[in-house]
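This is structure_39.txt (compact mmCIF, N, CA and C atoms).
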```
# COMPACT_ATOMS: atom_id res chain seq x y z
N MET A 81 -18.27 -44.12 20.74
CA MET A 81 -18.64 -43.78 19.37
C MET A 81 -19.67 -44.79 18.86
N PRO A 82 -20.85 -44.34 18.43
CA PRO A 82 -21.85 -45.29 17.95
C PRO A 82 -21.47 -45.88 16.59
N LYS A 83 -22.07 -47.01 16.31
CA LYS A 83 -21.84 -47.66 15.01
C LYS A 83 -22.44 -46.82 13.89
N THR A 84 -21.83 -46.93 12.70
CA THR A 84 -22.44 -46.31 11.53
C THR A 84 -23.36 -47.34 10.90
N LYS A 85 -24.58 -46.92 10.66
CA LYS A 85 -25.57 -47.85 10.11
C LYS A 85 -26.04 -47.36 8.75
N PRO A 86 -26.25 -48.27 7.80
CA PRO A 86 -26.77 -47.85 6.49
C PRO A 86 -28.22 -47.38 6.62
N HIS A 87 -28.61 -46.51 5.75
CA HIS A 87 -29.96 -45.95 5.75
C HIS A 87 -30.93 -46.99 5.18
N LYS A 88 -31.75 -47.57 6.05
CA LYS A 88 -32.61 -48.69 5.65
C LYS A 88 -33.66 -48.28 4.62
N GLY A 89 -34.18 -47.05 4.72
CA GLY A 89 -35.17 -46.59 3.76
C GLY A 89 -34.61 -46.53 2.36
N THR A 90 -33.34 -46.13 2.25
CA THR A 90 -32.67 -46.08 0.95
C THR A 90 -32.44 -47.49 0.42
N LEU A 91 -32.02 -48.38 1.29
CA LEU A 91 -31.74 -49.76 0.86
C LEU A 91 -32.99 -50.44 0.31
N LYS A 92 -34.17 -50.08 0.82
CA LYS A 92 -35.40 -50.69 0.35
C LYS A 92 -35.82 -50.18 -1.02
N ARG A 93 -35.29 -49.03 -1.42
CA ARG A 93 -35.72 -48.39 -2.66
C ARG A 93 -34.76 -48.56 -3.82
N ILE A 94 -33.58 -49.08 -3.59
CA ILE A 94 -32.59 -49.20 -4.66
C ILE A 94 -32.06 -50.62 -4.73
N ARG A 95 -31.45 -50.96 -5.88
CA ARG A 95 -30.71 -52.21 -6.04
C ARG A 95 -29.35 -51.82 -6.59
N ILE A 96 -28.29 -52.40 -6.07
CA ILE A 96 -26.95 -52.10 -6.55
C ILE A 96 -26.48 -53.28 -7.37
N SER A 97 -26.15 -53.03 -8.65
CA SER A 97 -25.72 -54.11 -9.54
C SER A 97 -24.28 -54.50 -9.22
N LYS A 98 -23.81 -55.61 -9.80
CA LYS A 98 -22.44 -56.05 -9.54
C LYS A 98 -21.41 -55.06 -10.04
N SER A 99 -21.75 -54.33 -11.09
CA SER A 99 -20.81 -53.35 -11.61
C SER A 99 -20.85 -52.05 -10.81
N GLY A 100 -21.73 -51.96 -9.81
CA GLY A 100 -21.78 -50.79 -8.94
C GLY A 100 -22.80 -49.76 -9.34
N LYS A 101 -23.55 -50.02 -10.41
CA LYS A 101 -24.57 -49.07 -10.81
C LYS A 101 -25.77 -49.18 -9.87
N VAL A 102 -26.46 -48.07 -9.68
CA VAL A 102 -27.59 -48.03 -8.76
C VAL A 102 -28.88 -47.99 -9.57
N ARG A 103 -29.72 -49.02 -9.40
CA ARG A 103 -31.00 -49.07 -10.09
C ARG A 103 -32.10 -48.63 -9.14
N HIS A 104 -33.08 -47.90 -9.67
CA HIS A 104 -34.20 -47.45 -8.84
C HIS A 104 -35.46 -47.38 -9.71
N ARG A 105 -36.60 -47.33 -9.07
CA ARG A 105 -37.88 -47.24 -9.78
C ARG A 105 -38.12 -45.82 -10.25
N SER A 106 -38.83 -45.70 -11.35
CA SER A 106 -39.18 -44.38 -11.88
C SER A 106 -40.28 -43.76 -11.03
N ALA A 107 -40.25 -42.44 -10.93
CA ALA A 107 -41.32 -41.72 -10.24
C ALA A 107 -42.53 -41.62 -11.17
N ASN A 108 -43.67 -41.22 -10.64
CA ASN A 108 -44.91 -40.95 -11.38
C ASN A 108 -45.56 -42.20 -11.98
N HIS A 109 -45.33 -43.37 -11.41
CA HIS A 109 -45.92 -44.57 -11.98
C HIS A 109 -46.96 -45.22 -11.06
N LYS A 110 -47.03 -44.82 -9.81
CA LYS A 110 -47.87 -45.53 -8.85
C LYS A 110 -49.37 -45.30 -9.06
N HIS A 111 -49.79 -44.06 -9.30
CA HIS A 111 -51.22 -43.80 -9.42
C HIS A 111 -51.44 -42.64 -10.38
N LEU A 112 -52.70 -42.28 -10.59
CA LEU A 112 -53.09 -41.24 -11.54
C LEU A 112 -52.57 -41.54 -12.95
N SER A 113 -52.74 -42.78 -13.36
CA SER A 113 -52.17 -43.19 -14.65
C SER A 113 -53.15 -43.10 -15.81
N SER A 114 -54.41 -42.76 -15.53
CA SER A 114 -55.40 -42.78 -16.60
C SER A 114 -55.15 -41.69 -17.64
N HIS A 115 -54.58 -40.57 -17.25
CA HIS A 115 -54.34 -39.50 -18.23
C HIS A 115 -52.96 -39.60 -18.88
N LYS A 116 -52.14 -40.57 -18.45
CA LYS A 116 -50.80 -40.74 -19.04
C LYS A 116 -50.91 -41.67 -20.23
N SER A 117 -50.09 -41.42 -21.25
CA SER A 117 -50.16 -42.24 -22.46
C SER A 117 -49.57 -43.63 -22.18
N GLY A 118 -49.94 -44.58 -23.02
CA GLY A 118 -49.43 -45.94 -22.87
C GLY A 118 -47.92 -46.00 -23.02
N LYS A 119 -47.39 -45.21 -23.95
CA LYS A 119 -45.94 -45.18 -24.16
C LYS A 119 -45.22 -44.71 -22.90
N ARG A 120 -45.77 -43.67 -22.29
CA ARG A 120 -45.16 -43.11 -21.09
C ARG A 120 -45.20 -44.13 -19.95
N LEU A 121 -46.32 -44.85 -19.82
CA LEU A 121 -46.44 -45.84 -18.75
C LEU A 121 -45.50 -47.01 -18.98
N ARG A 122 -45.32 -47.43 -20.24
CA ARG A 122 -44.37 -48.51 -20.53
C ARG A 122 -42.96 -48.10 -20.17
N GLN A 123 -42.60 -46.85 -20.49
CA GLN A 123 -41.25 -46.38 -20.18
C GLN A 123 -41.04 -46.24 -18.67
N LEU A 124 -42.09 -45.90 -17.96
CA LEU A 124 -41.97 -45.76 -16.51
C LEU A 124 -41.85 -47.10 -15.80
N ARG A 125 -42.24 -48.19 -16.49
CA ARG A 125 -42.14 -49.51 -15.88
C ARG A 125 -40.70 -49.95 -15.69
N LYS A 126 -39.79 -49.45 -16.51
CA LYS A 126 -38.39 -49.89 -16.46
C LYS A 126 -37.68 -49.29 -15.26
N ASP A 127 -36.69 -50.03 -14.74
CA ASP A 127 -35.83 -49.48 -13.70
C ASP A 127 -34.86 -48.49 -14.32
N ARG A 128 -34.59 -47.43 -13.63
CA ARG A 128 -33.65 -46.42 -14.10
C ARG A 128 -32.31 -46.61 -13.41
N ILE A 129 -31.24 -46.12 -14.05
CA ILE A 129 -29.90 -46.16 -13.46
C ILE A 129 -29.58 -44.76 -12.98
N MET A 130 -29.15 -44.66 -11.74
CA MET A 130 -28.92 -43.37 -11.12
C MET A 130 -27.65 -42.72 -11.66
N ALA A 131 -27.66 -41.41 -11.80
CA ALA A 131 -26.50 -40.66 -12.28
C ALA A 131 -25.41 -40.65 -11.21
N ASN A 132 -24.17 -40.44 -11.65
CA ASN A 132 -23.02 -40.48 -10.74
C ASN A 132 -23.11 -39.53 -9.55
N PRO A 133 -23.50 -38.26 -9.73
CA PRO A 133 -23.56 -37.38 -8.56
C PRO A 133 -24.56 -37.86 -7.51
N ASP A 134 -25.69 -38.43 -7.97
CA ASP A 134 -26.67 -38.96 -7.01
C ASP A 134 -26.14 -40.21 -6.33
N ALA A 135 -25.43 -41.05 -7.09
CA ALA A 135 -24.86 -42.26 -6.50
C ALA A 135 -23.81 -41.90 -5.45
N LYS A 136 -23.09 -40.81 -5.67
CA LYS A 136 -22.10 -40.36 -4.68
C LYS A 136 -22.80 -39.96 -3.38
N ARG A 137 -23.98 -39.33 -3.50
CA ARG A 137 -24.76 -38.97 -2.32
C ARG A 137 -25.17 -40.22 -1.55
N LEU A 138 -25.51 -41.29 -2.29
CA LEU A 138 -25.93 -42.54 -1.64
C LEU A 138 -24.79 -43.19 -0.87
N GLU A 139 -23.56 -43.01 -1.34
CA GLU A 139 -22.42 -43.59 -0.62
C GLU A 139 -22.37 -43.08 0.81
N LYS A 140 -22.71 -41.81 1.00
CA LYS A 140 -22.72 -41.24 2.35
C LYS A 140 -23.86 -41.83 3.19
N LEU A 141 -25.01 -42.06 2.56
CA LEU A 141 -26.14 -42.63 3.30
C LEU A 141 -25.90 -44.09 3.66
N LEU A 142 -25.23 -44.84 2.76
CA LEU A 142 -25.06 -46.28 2.96
C LEU A 142 -23.76 -46.63 3.66
N PHE A 143 -22.85 -45.64 3.84
CA PHE A 143 -21.54 -45.87 4.46
C PHE A 143 -20.77 -46.97 3.74
N ARG A 144 -20.74 -46.91 2.42
CA ARG A 144 -19.95 -47.88 1.64
C ARG A 144 -19.65 -47.29 0.28
N ARG A 145 -18.60 -47.78 -0.34
CA ARG A 145 -18.25 -47.37 -1.70
C ARG A 145 -19.07 -48.17 -2.68
N LEU A 146 -19.52 -47.53 -3.76
CA LEU A 146 -20.20 -48.24 -4.83
C LEU A 146 -19.16 -48.48 -5.91
N ARG A 147 -18.91 -49.75 -6.23
CA ARG A 147 -17.73 -50.13 -7.01
C ARG A 147 -17.57 -49.45 -8.34
N GLY A 148 -18.52 -49.61 -9.23
CA GLY A 148 -18.29 -49.18 -10.61
C GLY A 148 -18.64 -47.74 -10.89
N ARG A 149 -18.87 -46.95 -9.85
CA ARG A 149 -19.40 -45.61 -10.06
C ARG A 149 -18.44 -44.72 -10.85
N THR A 150 -17.14 -44.80 -10.55
CA THR A 150 -16.20 -43.92 -11.22
C THR A 150 -15.35 -44.64 -12.27
N GLN A 151 -15.49 -45.96 -12.37
CA GLN A 151 -14.70 -46.70 -13.35
C GLN A 151 -15.26 -46.51 -14.75
N PRO A 152 -14.38 -46.44 -15.75
CA PRO A 152 -14.89 -46.49 -17.13
C PRO A 152 -15.44 -47.89 -17.41
N LYS A 153 -16.38 -47.97 -18.33
CA LYS A 153 -17.02 -49.26 -18.62
C LYS A 153 -16.04 -50.31 -19.11
N ALA A 154 -14.96 -49.87 -19.79
CA ALA A 154 -14.00 -50.82 -20.35
C ALA A 154 -13.25 -51.59 -19.27
N THR A 155 -13.10 -51.00 -18.07
CA THR A 155 -12.32 -51.67 -17.03
C THR A 155 -13.13 -52.65 -16.20
N ILE A 156 -14.46 -52.59 -16.33
CA ILE A 156 -15.30 -53.51 -15.57
C ILE A 156 -15.19 -54.90 -16.19
N LYS A 157 -14.90 -55.88 -15.35
CA LYS A 157 -14.65 -57.23 -15.84
C LYS A 157 -15.95 -57.87 -16.30
N ARG A 158 -15.92 -58.45 -17.47
CA ARG A 158 -17.11 -59.12 -18.01
C ARG A 158 -16.87 -60.62 -18.07
N SER A 159 -17.95 -61.38 -18.06
CA SER A 159 -17.85 -62.83 -18.20
C SER A 159 -17.43 -63.16 -19.62
N PRO A 160 -16.54 -64.15 -19.79
CA PRO A 160 -16.12 -64.50 -21.15
C PRO A 160 -17.24 -65.21 -21.90
N SER A 161 -17.20 -65.09 -23.22
CA SER A 161 -18.18 -65.78 -24.04
C SER A 161 -17.81 -67.27 -24.06
N PRO A 162 -18.73 -68.15 -24.47
CA PRO A 162 -18.42 -69.58 -24.51
C PRO A 162 -17.21 -69.90 -25.38
N GLU A 163 -17.03 -69.18 -26.49
CA GLU A 163 -15.87 -69.43 -27.35
C GLU A 163 -14.57 -69.06 -26.62
N GLN A 164 -14.58 -67.92 -25.94
CA GLN A 164 -13.40 -67.50 -25.20
C GLN A 164 -13.09 -68.47 -24.07
N ARG A 165 -14.14 -68.98 -23.43
CA ARG A 165 -13.95 -69.93 -22.33
C ARG A 165 -13.33 -71.23 -22.83
N ARG A 166 -13.83 -71.73 -23.99
CA ARG A 166 -13.27 -72.95 -24.58
C ARG A 166 -11.81 -72.77 -24.95
N ALA A 167 -11.48 -71.62 -25.55
CA ALA A 167 -10.10 -71.34 -25.93
C ALA A 167 -9.19 -71.30 -24.71
N ALA A 168 -9.66 -70.71 -23.62
CA ALA A 168 -8.85 -70.64 -22.39
C ALA A 168 -8.66 -72.05 -21.80
N GLN A 169 -9.71 -72.87 -21.86
CA GLN A 169 -9.58 -74.24 -21.33
C GLN A 169 -8.62 -75.07 -22.17
N GLU A 170 -8.67 -74.89 -23.51
CA GLU A 170 -7.75 -75.63 -24.36
C GLU A 170 -6.31 -75.18 -24.16
N ALA A 171 -6.11 -73.89 -23.94
CA ALA A 171 -4.77 -73.38 -23.68
C ALA A 171 -4.23 -73.92 -22.36
N ALA A 172 -5.11 -74.01 -21.34
CA ALA A 172 -4.69 -74.55 -20.05
C ALA A 172 -4.39 -76.05 -20.16
N ALA A 173 -5.19 -76.76 -20.96
CA ALA A 173 -4.99 -78.19 -21.13
C ALA A 173 -3.68 -78.47 -21.88
N SER A 174 -3.35 -77.64 -22.86
CA SER A 174 -2.14 -77.86 -23.64
C SER A 174 -0.87 -77.57 -22.82
N GLU A 175 -0.98 -76.72 -21.80
CA GLU A 175 0.16 -76.42 -20.94
C GLU A 175 0.48 -77.62 -20.05
N ASN A 176 -0.55 -78.34 -19.63
CA ASN A 176 -0.34 -79.49 -18.73
C ASN A 176 0.06 -80.69 -19.47
```
In structure tokens, write the structure found in this file.
Amino acid sequence: MPKTKPHKGTLKRIRISKSGKVRHRSANHKHLSSHKSGKRLRQLRKDRIMANPDAKRLEKLLFRRLRGRTQPKATIKRSPSPEQRRAAQEAAASEN
């Protein structure tokens, strides 16, 4: 049985964030930009986030699960704010 290998062409075109979202470049930005408005070109400069059904298709190409694809945003762990971090450190210090 041969090894399963990720699709290298796909890997070169996307970035997977820590939360599992798939970022990709917008289409229609490479050339023929003289007739496009400035607003449209500015919007095309930003990376887009891929929709869930498309991200599911990528899982098959990459042979891996994308973490945050089906999770609600509330369950994704976020870094604590500096105030929350200080409070946690003080609570830990008072226990010792």
Checklist outcome for this item: Expressed in Å, the length from CA of Lys140 (chain A) to CA of Gly89 (chain A) is 13.6 Å
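Note that the spacing between CA of Pro86 (chain A) and atom C of Ala135 (chain A) amounts to 13.7 Å.
Within 8 Å of Lys85 (chain A), once all atoms listed in the file are used and residues closer than 5 positions along the same chain are dropped, the contacting residues are Leu141, Leu142 and Phe143 of chain A.
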Item to check | Å distance separating atom C of Arg128 (chain A) from atom C of Lys83 (chain A), one decimal place | outcome: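 Taking atom C of Arg128 (chain A) as the start and atom C of Lys83 (chain A) as the end point, the length is 29.0 Å.
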Next on the checklist: If DSSP is run on the backbone, what residues of chain A are strand (DSSP E)? A reply as an MDAnalysis selection string would be ideal.
Outcome noted: chainID A and resid 94:96 102:104 128:129
Item to check | Which residue of A:Ala168, A:Leu146, A:Met81, A:Ala173 approaches Lys98 (chain A) most closely, using only C-alpha atoms | outcome: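 Answer, going by the shortest atom-to-atom distance: A:Leu146.
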Checklist entry - Closest to Arg125 (chain A) among A:Lys101, A:His109, A:Arg93, A:Arg144, using only C-alpha atoms? => result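 Closest candidate: A:His109.
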Checklist entry - Can you tell me, as a ChimeraX atom specification, what residues are no more than 6.5 Å from His104 (chain A) when counting all atoms listed in the file, ignoring any on the same chain fewer than 5 positions away? => result /A:93-95,126-130
Checklist entry - DSSP on the backbone: what in region 91-159 of chain A comes out helix (DSSP H, G or I), as a PyMOL selection string? => result chain A and resi 91-93+118-125+132-142+147-149+153-155
Checklist entry - Out of A:Arg145, A:Arg122, A:Lys116, A:Lys110, which residue has the shortest atom-to-atom distance to Ile96 (chain A) when counting only C-alpha atoms? => result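 Between A:Arg145, A:Arg122, A:Lys116, A:Lys110, the residue approaching Ile96 (chain A) most closely is A:Arg145.
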